[in-house]
$ cat protein.csv   # CSV, C-alpha atoms
chain,number,residue,atom,x,y,z
A,1,MET,CA,32.5,-49.1,67.4
A,2,LYS,CA,31.3,-52.0,69.5
A,3,ILE,CA,29.2,-51.2,72.5
A,4,PRO,CA,28.8,-54.1,75.0
A,5,ILE,CA,25.3,-54.5,76.3
A,6,ILE,CA,24.9,-58.1,77.8
A,7,ARG,CA,21.2,-58.0,78.7
A,8,ASP,CA,18.7,-60.8,78.7
A,9,VAL,CA,16.2,-60.3,76.0
A,10,LEU,CA,13.5,-61.6,78.3
A,11,GLU,CA,14.4,-59.3,81.2
A,12,GLU,CA,11.1,-57.3,81.1
A,13,SER,CA,9.1,-60.5,81.1
A,14,ASP,CA,11.2,-61.9,84.0
A,15,ALA,CA,10.8,-58.6,86.0
A,16,LEU,CA,7.0,-58.9,85.7
A,17,ALA,CA,7.2,-62.5,86.7
A,18,ARG,CA,9.1,-61.5,89.9
A,19,GLN,CA,6.4,-59.0,90.7
A,20,ASN,CA,3.8,-61.8,90.3
A,21,LEU,CA,5.9,-64.0,92.7
A,22,GLU,CA,6.1,-61.2,95.3
A,23,ARG,CA,2.4,-60.9,95.2
A,24,PHE,CA,1.8,-64.7,95.5
A,25,ASN,CA,4.2,-64.8,98.5
A,26,SER,CA,2.7,-61.8,100.2
A,27,GLU,CA,-0.8,-63.5,99.9
A,28,GLY,CA,0.5,-66.9,100.9
A,29,ILE,CA,-0.6,-68.5,97.6
A,30,TYR,CA,1.3,-71.5,96.1
A,31,VAL,CA,1.3,-71.3,92.3
A,32,VAL,CA,1.7,-74.2,89.9
A,33,ASN,CA,2.4,-73.8,86.2
A,34,MET,CA,1.0,-76.9,84.5
A,35,MET,CA,2.3,-77.7,81.0
A,36,SER,CA,1.9,-80.5,78.5
A,37,SER,CA,1.2,-81.2,74.8
A,38,PRO,CA,-2.5,-80.8,73.7
A,39,GLY,CA,-4.7,-83.6,74.9
A,40,ALA,CA,-2.4,-85.0,77.6
A,41,GLY,CA,-5.2,-84.4,80.2
A,42,LYS,CA,-4.3,-81.2,82.0
A,43,THR,CA,-7.9,-80.1,82.5
A,44,THR,CA,-9.1,-83.5,83.8
A,45,LEU,CA,-6.1,-83.7,86.0
A,46,LEU,CA,-6.8,-80.2,87.4
A,47,GLU,CA,-10.4,-81.2,87.9
A,48,ARG,CA,-9.5,-84.1,90.1
A,49,THR,CA,-6.6,-82.4,91.8
A,50,ILE,CA,-8.7,-79.4,92.8
A,51,SER,CA,-11.5,-81.6,94.0
A,52,GLU,CA,-9.1,-83.5,96.3
A,53,LEU,CA,-7.6,-80.2,97.6
A,54,LYS,CA,-11.1,-78.8,98.2
A,55,SER,CA,-12.0,-81.8,100.2
A,56,LYS,CA,-9.0,-80.9,102.5
A,57,GLY,CA,-10.5,-77.4,102.9
A,58,LEU,CA,-8.0,-75.7,100.6
A,59,LYS,CA,-9.1,-72.9,98.2
A,60,CYS,CA,-7.9,-73.0,94.6
A,61,ALA,CA,-8.2,-70.8,91.5
A,62,VAL,CA,-7.3,-71.5,87.9
A,63,ILE,CA,-5.8,-69.3,85.2
A,64,GLU,CA,-6.8,-70.9,82.0
A,65,GLY,CA,-4.4,-70.3,79.1
A,66,ASP,CA,-6.1,-71.4,75.9
A,67,ILE,CA,-5.4,-69.9,72.5
A,68,THR,CA,-9.1,-70.0,71.9
A,69,SER,CA,-12.4,-71.1,73.3
A,70,THR,CA,-13.7,-71.3,76.9
A,71,ILE,CA,-14.1,-75.1,76.8
A,72,ASP,CA,-11.7,-75.8,79.7
A,73,SER,CA,-13.1,-73.1,81.9
A,74,GLU,CA,-16.6,-74.5,81.3
A,75,LYS,CA,-15.4,-78.0,82.2
A,76,LEU,CA,-14.1,-76.7,85.5
A,77,ALA,CA,-17.1,-74.5,86.2
A,78,HIS,CA,-18.8,-77.1,88.4
A,79,LEU,CA,-16.0,-76.8,90.9
A,80,ASN,CA,-17.3,-73.4,91.9
A,81,ILE,CA,-13.9,-71.8,92.1
A,82,PRO,CA,-12.5,-68.6,90.6
A,83,ILE,CA,-11.4,-69.2,87.0
A,84,VAL,CA,-9.8,-66.6,84.7
A,85,GLN,CA,-9.6,-67.2,81.0
A,86,ALA,CA,-6.2,-65.6,80.3
A,87,ASN,CA,-6.0,-65.5,76.5
A,88,THR,CA,-8.9,-66.0,74.3
A,89,GLN,CA,-8.8,-65.3,70.6
A,90,PRO,CA,-11.6,-66.4,68.3
A,91,PHE,CA,-9.2,-68.0,65.8
A,92,GLY,CA,-6.2,-68.8,67.9
A,93,GLY,CA,-3.5,-66.7,69.5
A,94,ASP,CA,-0.3,-67.1,71.4
A,95,CYS,CA,1.6,-70.4,71.9
A,96,HIS,CA,2.3,-69.9,75.6
A,97,VAL,CA,1.1,-68.0,78.7
A,98,GLY,CA,3.2,-64.9,79.4
A,99,SER,CA,3.9,-63.2,82.7
A,100,HIS,CA,1.9,-60.2,81.6
A,101,LEU,CA,-1.2,-62.4,81.2
A,102,VAL,CA,-0.8,-63.8,84.7
A,103,HIS,CA,-0.2,-60.3,86.0
A,104,ALA,CA,-3.5,-59.1,84.4
A,105,ALA,CA,-5.4,-62.2,85.6
A,106,LEU,CA,-4.4,-61.5,89.3
A,107,LYS,CA,-6.6,-58.4,89.3
A,108,MET,CA,-9.6,-60.7,88.7
A,109,LEU,CA,-8.8,-63.2,91.5
A,110,PRO,CA,-9.7,-63.0,95.2
A,111,LEU,CA,-6.0,-63.3,96.3
A,112,HIS,CA,-6.6,-62.9,100.0
A,113,ASP,CA,-8.8,-66.0,100.0
A,114,LEU,CA,-6.7,-68.6,98.1
A,115,ASN,CA,-4.2,-71.3,98.9
A,116,TYR,CA,-3.4,-72.4,95.3
A,117,ILE,CA,-3.4,-70.9,91.8
A,118,PHE,CA,-3.0,-73.4,89.0
A,119,ILE,CA,-1.9,-71.9,85.7
A,120,GLU,CA,-3.1,-74.2,82.9
A,121,ASN,CA,-0.6,-73.3,80.2
A,122,ILE,CA,-1.3,-73.6,76.5
A,123,GLY,CA,-0.9,-77.2,75.1
A,124,ASN,CA,2.6,-77.1,73.7
A,125,LEU,CA,5.8,-78.8,74.8
A,126,VAL,CA,8.1,-76.2,73.3
A,127,CYS,CA,7.4,-72.5,74.0
A,128,PRO,CA,5.8,-72.5,77.5
A,129,ALA,CA,9.0,-74.0,78.9
A,130,GLU,CA,10.9,-70.8,78.0
A,131,PHE,CA,8.9,-68.4,80.1
A,132,TYR,CA,9.0,-67.7,83.8
A,133,LEU,CA,5.6,-66.5,85.1
A,134,GLY,CA,6.4,-66.1,88.8
A,135,GLU,CA,5.2,-69.6,89.6
A,136,HIS,CA,6.6,-71.6,92.5
A,137,ILE,CA,6.8,-74.8,90.5
A,138,LYS,CA,6.5,-76.0,86.9
A,139,ILE,CA,4.9,-79.4,86.3
A,140,VAL,CA,4.8,-81.3,83.0
A,141,VAL,CA,2.0,-83.8,82.2
A,142,LEU,CA,3.0,-86.6,79.8
A,143,SER,CA,0.3,-89.0,78.8
A,144,LEU,CA,1.2,-92.6,77.9
A,145,PRO,CA,-0.2,-92.5,74.4
A,146,GLU,CA,2.3,-89.7,73.5
A,147,GLY,CA,5.1,-92.3,73.6
A,148,GLU,CA,8.4,-92.8,75.5
A,149,ASP,CA,10.5,-90.5,73.3
A,150,LYS,CA,9.0,-87.1,74.3
A,151,PRO,CA,11.5,-86.2,77.1
A,152,VAL,CA,14.4,-86.5,74.7
A,153,LYS,CA,12.5,-84.6,71.9
A,154,TYR,CA,11.6,-81.7,74.2
A,155,PRO,CA,14.4,-81.6,76.7
A,156,LEU,CA,14.0,-78.0,77.9
A,157,MET,CA,10.4,-78.7,79.0
A,158,PHE,CA,11.5,-81.7,81.1
A,159,ARG,CA,14.6,-79.9,82.4
A,160,GLU,CA,12.5,-76.9,83.6
A,161,CYS,CA,10.0,-79.0,85.6
A,162,LYS,CA,10.2,-80.4,89.1
A,163,ALA,CA,7.6,-83.1,88.5
A,164,CYS,CA,6.2,-85.1,85.7
A,165,LEU,CA,2.7,-86.5,86.0
A,166,LEU,CA,2.5,-89.7,83.8
A,167,ASN,CA,-1.1,-89.5,83.0
A,168,LYS,CA,-3.6,-92.0,81.5
A,169,MET,CA,-1.9,-95.0,83.3
A,170,ASP,CA,-5.3,-96.7,82.9
A,171,LEU,CA,-4.5,-97.1,79.2
A,172,LEU,CA,-1.3,-99.0,79.8
A,173,PRO,CA,-2.8,-102.5,79.0
A,174,HIS,CA,-3.9,-101.2,75.6
A,175,LEU,CA,-0.6,-99.5,74.5
A,176,ASP,CA,2.8,-100.6,73.3
A,177,VAL,CA,4.6,-97.9,75.3
A,178,ASP,CA,7.9,-99.1,76.7
A,179,ILE,CA,7.8,-98.0,80.3
A,180,PRO,CA,11.4,-98.9,81.2
A,181,LEU,CA,12.6,-96.8,78.2
A,182,LEU,CA,10.3,-94.0,79.1
A,183,ASN,CA,11.8,-94.0,82.7
A,184,LYS,CA,15.3,-94.1,81.3
A,185,ASN,CA,14.6,-91.1,79.0
A,186,LEU,CA,13.1,-89.1,81.9
A,187,VAL,CA,16.1,-89.8,84.1
A,188,HIS,CA,18.6,-89.0,81.3
A,189,VAL,CA,17.0,-85.7,80.6
A,190,ASN,CA,16.4,-84.7,84.2
A,191,GLY,CA,17.6,-87.1,86.9
A,192,GLU,CA,16.0,-84.9,89.6
A,193,LEU,CA,12.5,-85.0,88.2
A,194,THR,CA,9.9,-86.5,90.5
A,195,VAL,CA,7.6,-88.8,88.5
A,196,PHE,CA,4.0,-89.6,89.5
A,197,PRO,CA,2.2,-92.3,87.5
A,198,VAL,CA,-1.5,-91.3,87.7
A,199,SER,CA,-4.8,-91.6,86.0
A,200,ALA,CA,-7.0,-88.5,86.1
A,201,LYS,CA,-9.8,-90.7,85.0
A,202,THR,CA,-9.6,-93.4,87.8
A,203,GLY,CA,-7.8,-91.4,90.4
A,204,SER,CA,-4.9,-93.9,90.7
A,205,GLY,CA,-1.7,-92.4,91.9
A,206,PHE,CA,-3.4,-89.2,93.2
A,207,PRO,CA,-2.7,-89.6,97.0
A,208,ALA,CA,1.1,-89.5,96.4
A,209,TRP,CA,0.8,-86.5,94.0
A,210,ILE,CA,-1.5,-84.5,96.4
A,211,ASP,CA,0.8,-85.2,99.4
A,212,TRP,CA,3.8,-84.1,97.5
A,213,LEU,CA,2.1,-80.9,96.3
A,214,GLU,CA,1.0,-80.1,99.8
A,215,SER,CA,4.5,-80.7,101.2
A,216,ARG,CA,5.9,-78.3,98.6
A,217,ARG,CA,3.3,-75.7,99.5
A,218,SER,CA,3.9,-75.9,103.2
A,219,ASN,CA,7.6,-75.6,102.7
A,220,VAL,CA,7.1,-72.3,100.8
A,221,ALA,CA,4.6,-71.1,103.5
A,222,LYS,CA,7.2,-71.9,106.2
A,223,VAL,CA,9.9,-69.8,104.4
A,224,ALA,CA,7.4,-67.0,103.9
A,225,ILE,CA,6.5,-67.0,107.7
A,226,ARG,CA,10.2,-67.0,108.6
A,227,GLU,CA,10.9,-64.1,106.3
A,228,LEU,CA,8.0,-62.2,107.8
A,229,GLU,CA,9.2,-62.8,111.3
A,230,GLN,CA,12.7,-61.7,110.4
A,231,ALA,CA,11.4,-58.5,108.7
A,232,ASN,CA,9.5,-57.7,111.9
B,1,MET,CA,11.4,-58.6,69.8
B,2,ARG,CA,12.3,-55.5,71.6
B,3,VAL,CA,16.0,-54.8,71.8
B,4,ALA,CA,16.6,-52.4,74.7
B,5,PRO,CA,19.8,-50.4,74.4
B,6,ASN,CA,21.7,-49.8,77.6
B,7,GLN,CA,21.8,-46.5,79.4
B,8,ARG,CA,25.0,-45.3,77.8
B,9,VAL,CA,23.5,-45.7,74.3
B,10,ALA,CA,20.1,-44.4,75.3
B,11,SER,CA,21.6,-41.2,76.7
B,12,SER,CA,23.8,-40.6,73.6
B,13,ASN,CA,22.8,-39.3,70.3
B,14,VAL,CA,23.1,-42.5,68.3
B,15,ARG,CA,20.6,-42.6,65.5
B,16,PRO,CA,19.0,-46.0,64.8
B,17,GLU,CA,20.2,-46.0,61.2
B,18,GLU,CA,23.9,-45.8,62.5
B,19,VAL,CA,23.5,-49.2,64.1
B,20,THR,CA,25.4,-51.7,61.8
B,21,ASN,CA,25.2,-54.9,63.9
B,22,VAL,CA,23.2,-56.4,66.7
B,23,ALA,CA,24.9,-59.4,68.3
B,24,LEU,CA,22.8,-62.0,70.1
B,25,ARG,CA,23.9,-65.1,72.1
B,26,VAL,CA,21.4,-67.9,71.9
B,27,GLY,CA,21.7,-71.0,74.2
B,28,GLN,CA,21.3,-74.3,72.4
B,29,LEU,CA,18.9,-75.5,75.0
B,30,ASP,CA,16.4,-72.8,74.0
B,31,ALA,CA,13.9,-73.6,71.3
B,32,VAL,CA,15.3,-70.9,69.1
B,33,MET,CA,16.5,-71.6,65.6
B,34,PRO,CA,19.2,-69.0,64.6
B,35,GLU,CA,18.2,-69.3,60.9
B,36,ALA,CA,14.5,-68.5,61.7
B,37,LEU,CA,15.6,-65.6,64.0
B,38,SER,CA,17.8,-64.1,61.2
B,39,GLU,CA,15.1,-64.5,58.7
B,40,MET,CA,12.6,-62.7,61.0
B,41,PHE,CA,15.1,-59.9,61.7
B,42,ASN,CA,15.6,-59.3,58.0
B,43,LEU,CA,11.9,-59.3,57.3
B,44,TYR,CA,11.1,-56.9,60.2
B,45,ARG,CA,14.2,-54.8,60.1
B,46,SER,CA,12.4,-51.6,59.2
B,47,ASN,CA,9.9,-52.2,62.0
B,48,PHE,CA,12.7,-52.4,64.5
B,49,ASN,CA,13.8,-49.0,63.1
B,50,LEU,CA,17.3,-50.4,62.4
B,51,PRO,CA,17.4,-50.2,58.6
B,52,ASN,CA,21.2,-50.8,58.3
B,53,ALA,CA,21.7,-53.4,61.0
B,54,GLN,CA,22.8,-56.9,60.6
B,55,LEU,CA,22.0,-59.6,63.1
B,56,THR,CA,24.9,-61.8,64.3
B,57,ILE,CA,23.9,-64.9,66.3
B,58,GLU,CA,26.4,-66.8,68.4
B,59,GLU,CA,25.2,-70.2,69.5
B,60,GLU,CA,26.2,-71.1,73.0
B,61,ALA,CA,26.8,-74.8,73.6
B,62,VAL,CA,25.2,-76.6,76.6
B,63,SER,CA,27.7,-77.1,79.4
B,64,CYS,CA,26.9,-78.7,82.7
B,65,ARG,CA,28.3,-79.5,86.2
B,66,CYS,CA,27.7,-82.8,87.9
B,67,LYS,CA,26.2,-82.3,91.4
B,68,ASP,CA,27.7,-85.6,92.6
B,69,CYS,CA,31.3,-85.5,91.4
B,70,ASP,CA,31.6,-81.8,90.5
B,71,ALA,CA,32.9,-82.6,87.0
B,72,GLN,CA,32.2,-80.1,84.2
B,73,PHE,CA,31.4,-81.2,80.7
B,74,SER,CA,29.6,-80.1,77.6
B,75,LEU,CA,26.7,-81.9,75.8
B,76,ASP,CA,26.0,-82.6,72.2
B,77,THR,CA,22.8,-84.5,72.8
B,78,PRO,CA,20.0,-84.0,75.4
B,79,VAL,CA,21.4,-86.8,77.7
B,80,PHE,CA,22.1,-85.0,81.0
B,81,VAL,CA,24.3,-87.7,82.4
B,82,CYS,CA,27.8,-87.1,83.8
B,83,PRO,CA,30.4,-88.8,81.6
B,84,HIS,CA,32.7,-89.3,84.7
B,85,CYS,CA,30.5,-90.8,87.4
B,86,PHE,CA,27.3,-91.4,85.3
B,87,GLY,CA,25.3,-89.4,87.8
B,88,CYS,CA,22.1,-87.9,86.7
B,89,ARG,CA,22.0,-84.9,89.0
B,90,VAL,CA,23.3,-82.4,86.5
B,91,GLN,CA,23.2,-78.6,86.6
B,92,VAL,CA,23.2,-76.6,83.4
B,93,MET,CA,25.8,-73.9,83.6
B,94,ARG,CA,25.7,-72.5,80.1
B,95,GLY,CA,23.5,-72.8,77.0
B,96,ARG,CA,20.3,-71.4,78.2
B,97,GLY,CA,18.8,-68.0,77.5
B,98,ILE,CA,18.9,-65.3,74.8
B,99,THR,CA,21.3,-62.4,75.5
B,100,LEU,CA,21.8,-59.2,73.7
B,101,MET,CA,25.6,-59.0,73.7
B,102,GLU,CA,26.5,-55.9,71.9
B,103,ILE,CA,25.6,-53.5,69.2
B,104,THR,CA,27.9,-51.9,66.7
B,105,ILE,CA,27.6,-48.4,65.4
B,106,SER,CA,29.3,-46.8,62.5
B,107,GLU,CA,32.7,-45.5,63.7
B,108,THR,CA,33.1,-42.2,62.0
B,109,GLU,CA,30.4,-40.0,63.6
B,110,HIS,CA,30.6,-41.3,67.1
B,111,GLU,CA,34.2,-41.9,67.9
B,112,ASP,CA,34.6,-38.6,69.8
B,113,THR,CA,31.4,-39.1,71.8
B,114,TYR,CA,32.5,-42.4,73.3
B,115,HIS,CA,36.2,-41.8,73.7
B,116,SER,CA,35.9,-38.4,75.3

$ encode --input "protein.csv" --output "structure tokens"
Amino acid sequence: MKIPIIRDVLEESDALARQNLERFNSEGIYVVNMMSSPGAGKTTLLERTISELKSKGLKCAVIEGDITSTIDSEKLAHLNIPIVQANTQPFGGDCHVGSHLVHAALKMLPLHDLNYIFIENIGNLVCPAEFYLGEHIKIVVLSLPEGEDKPVKYPLMFRECKACLLNKMDLLPHLDVDIPLLNKNLVHVNGELTVFPVSAKTGSGFPAWIDWLESRRSNVAKVAIRELEQAN
Amino acid sequence: MRVAPNQRVASSNVRPEEVTNVALRVGQLDAVMPEALSEMFNLYRSNFNLPNAQLTIEEEAVSCRCKDCDAQFSLDTPVFVCPHCFGCRVQVMRGRGITLMEITISETEHEDTYHS
């Protein structure tokens, strides 16, 4: 006898992610899930992004998802912001950050006093794209040395994200990367992806990226205020 | 992997060993290889407490809708471009996610329970 079920295998994970989102919205925090392959420059990018946001008076926190080590947390420590190391195993662990890890990390953050939380996902272009964590936006960092073929090889990652930070633009003169082909591959996989050529090292391209991020955050805040007013 | 039975099954007296098949639908856009999933299921079958169950996987092709001309089309390669108007604003309609579709239990012992 066949018994129909039709249930998403990830429904428990998604339910927890929705709880995370409700918490973020009630606290007025904009949450960014940042993903890339290992070595694309997520931590350095976060370092500069958070410095820029701090200079505008905005308060940020980071959930660091590394399979092992606290190297990234230590690198960001000078920013004097709350950082939670989400998943540390001495010899390596999971391949992605899960909604349960974010849920647990929230207990360790001063949520009433934050504008942004950045989730630095584990370096991997495959698995992190599969999981909703309750974030407002997914961002992928692609560094030029990785080559122009990555969007086509990892389509789900580039489909799931709203923006792509093309990092390490300062290396362009030294690389054979075919920029028109890279752009074509990005458009063919996700024609609605907003692309920011940046260098986390030199800061080039950052004003446009920061403005865009701030406009996304204020849009979410406006919706939250409207919903609050309607509820009252 | 935790396969949660629905309320009807949970409230019945189905024994795990009576489950003969578990049917999954896997979207082709997901980074899931059906062969690897089947292999894992066979290796861990006893841990799932489903000693007599087979795993059946149906792959779901990626199909899309063009946001510009509203055409619907399926994809064989990860090029999300409308074949009609060549627009790149494309919404994925099917081919994403892993869904537990149905389970099969041995007929003889439970026919009365479900048809009564």

$ residues_around --input "protein.csv" --residues "range 14-25 of chain A" --least-positions-apart "2" --cutoff "9 Å" --atoms "all atoms listed in the file" --output "ChimeraX atom specification"
/A:10-12,27-31,98-100,102-103,106,111,117,131-136,220-221,224

$ residues_around --input "protein.csv" --residues "Phe86 in chain B" --least-positions-apart "6" --cutoff "12 Å" --atoms "only C-alpha atoms" --output "ChimeraX atom specification"
/A:187-188,191 /B:65-71,73,79-80

$ write_last_selection --input "protein.csv" --atoms "C-alpha atoms" --output "PDB file, in the coordinates of the input"
ATOM      1  CA  VAL A 187      16.100 -89.800  84.100  1.00  0.00           C
ATOM      2  CA  HIS A 188      18.600 -89.000  81.300  1.00  0.00           C
ATOM      3  CA  GLY A 191      17.600 -87.100  86.900  1.00  0.00           C
TER       4      GLY A 191
ATOM      5  CA  ARG B  65      28.300 -79.500  86.200  1.00  0.00           C
ATOM      6  CA  CYS B  66      27.700 -82.800  87.900  1.00  0.00           C
ATOM      7  CA  LYS B  67      26.200 -82.300  91.400  1.00  0.00           C
ATOM      8  CA  ASP B  68      27.700 -85.600  92.600  1.00  0.00           C
ATOM      9  CA  CYS B  69      31.300 -85.500  91.400  1.00  0.00           C
ATOM     10  CA  ASP B  70      31.600 -81.800  90.500  1.00  0.00           C
ATOM     11  CA  ALA B  71      32.900 -82.600  87.000  1.00  0.00           C
ATOM     12  CA  PHE B  73      31.400 -81.200  80.700  1.00  0.00           C
ATOM     13  CA  VAL B  79      21.400 -86.800  77.700  1.00  0.00           C
ATOM     14  CA  PHE B  80      22.100 -85.000  81.000  1.00  0.00           C
TER      15      PHE B  80
END

$ interface_residues --input "protein.csv" --of "chain A" --to "chain B" --cutoff "6 Å" --atoms "only C-alpha atoms" --output "MDAnalysis selection string"
chainID A and resid 1:9 188:189 191

$ atom_distance --input "protein.csv" --atom1 "CA of His96 in chain A" --atom2 "CA of Pro128 in chain A"
4.8 Å

$ residues_near_point --input "protein.csv" --point "(32.4, -79.5, 77.9)" --cutoff "10 Å" --atoms "only C-alpha atoms" --output "VMD selection string"
chain B and resid 61 to 65 71 to 76 94

$ residues_near_point --input "protein.csv" --point "(-5.6, -81.3, 100.0)" --cutoff "12 Å" --atoms "all atoms listed in the file" --output "tab-separated table (two decimals) with C-alpha atoms, keeping the file's coordinate frame"
chain	number	residue	atom	x	y	z
A	48	ARG	CA	-9.50	-84.10	90.10
A	49	THR	CA	-6.60	-82.40	91.80
A	50	ILE	CA	-8.70	-79.40	92.80
A	51	SER	CA	-11.50	-81.60	94.00
A	52	GLU	CA	-9.10	-83.50	96.30
A	53	LEU	CA	-7.60	-80.20	97.60
A	54	LYS	CA	-11.10	-78.80	98.20
A	55	SER	CA	-12.00	-81.80	100.20
A	56	LYS	CA	-9.00	-80.90	102.50
A	57	GLY	CA	-10.50	-77.40	102.90
A	58	LEU	CA	-8.00	-75.70	100.60
A	59	LYS	CA	-9.10	-72.90	98.20
A	60	CYS	CA	-7.90	-73.00	94.60
A	115	ASN	CA	-4.20	-71.30	98.90
A	116	TYR	CA	-3.40	-72.40	95.30
A	206	PHE	CA	-3.40	-89.20	93.20
A	207	PRO	CA	-2.70	-89.60	97.00
A	208	ALA	CA	1.10	-89.50	96.40
A	209	TRP	CA	0.80	-86.50	94.00
A	210	ILE	CA	-1.50	-84.50	96.40
A	211	ASP	CA	0.80	-85.20	99.40
A	212	TRP	CA	3.80	-84.10	97.50
A	213	LEU	CA	2.10	-80.90	96.30
A	214	GLU	CA	1.00	-80.10	99.80
A	215	SER	CA	4.50	-80.70	101.20
A	216	ARG	CA	5.90	-78.30	98.60
A	217	ARG	CA	3.30	-75.70	99.50
A	218	SER	CA	3.90	-75.90	103.20

$ closest_residue --input "protein.csv" --among "B:Leu55, B:Val14, B:Met93, B:Cys85" --to "Leu37 in chain B" --atoms "only C-alpha atoms"
B:Leu55

$ atom_distance --input "protein.csv" --atom1 "CA of Ser143 in chain A" --atom2 "CA of Leu166 in chain A"
5.5 Å

$ atom_distance --input "protein.csv" --atom1 "CA of Val140 in chain A" --atom2 "CA of Ile122 in chain A"
11.8 Å

$ axis_aligned_box --input "protein.csv" --around "range 166-171 of chain A" --padding-each-side "3 Å" --output "JSON"
{"center_x": -1.4, "center_y": -93.3, "center_z": 81.5, "size_x": 13.8, "size_y": 13.6, "size_z": 10.6}

$ residues_around --input "protein.csv" --residues "Thr194 in chain A" --least-positions-apart "4" --cutoff "10 Å" --atoms "all atoms listed in the file" --output "list in words"
Ile139, Cys161, Lys162, Ala163, Cys164, Leu165, Leu186, Val187, Asn190, Trp209 and Trp212 of chain A

$ write_last_selection --input "protein.csv" --atoms "C-alpha atoms" --output "compact mmCIF listing (two decimals), in the frame of the given file"
# COMPACT_ATOMS: atom_id res chain seq x y z
CA ILE A 139 4.90 -79.40 86.30
CA CYS A 161 10.00 -79.00 85.60
CA LYS A 162 10.20 -80.40 89.10
CA ALA A 163 7.60 -83.10 88.50
CA CYS A 164 6.20 -85.10 85.70
CA LEU A 165 2.70 -86.50 86.00
CA LEU A 186 13.10 -89.10 81.90
CA VAL A 187 16.10 -89.80 84.10
CA ASN A 190 16.40 -84.70 84.20
CA TRP A 209 0.80 -86.50 94.00
CA TRP A 212 3.80 -84.10 97.50

$ decode --input "protein.csv" --residues "range 82-96 of chain B" --atoms "C-alpha atoms" --output "compact mmCIF listing (two decimals), in the first residue's frame"
# COMPACT_ATOMS: atom_id res chain seq x y z
CA CYS B 82 14.72 32.04 -22.27
CA PRO B 83 14.83 30.18 -25.61
CA HIS B 84 11.98 32.36 -26.95
CA CYS B 85 12.98 35.95 -26.15
CA PHE B 86 16.56 35.31 -24.88
CA GLY B 87 15.70 37.13 -21.66
CA CYS B 88 17.82 36.33 -18.60
CA ARG B 89 15.20 37.03 -15.91
CA VAL B 90 14.20 33.47 -15.32
CA GLN B 91 12.27 31.93 -12.45
CA VAL B 92 12.87 28.30 -11.53
CA MET B 93 9.49 26.56 -11.24
CA ARG B 94 10.59 22.95 -10.69
CA GLY B 95 13.79 21.04 -10.10
CA ARG B 96 14.74 22.36 -6.67
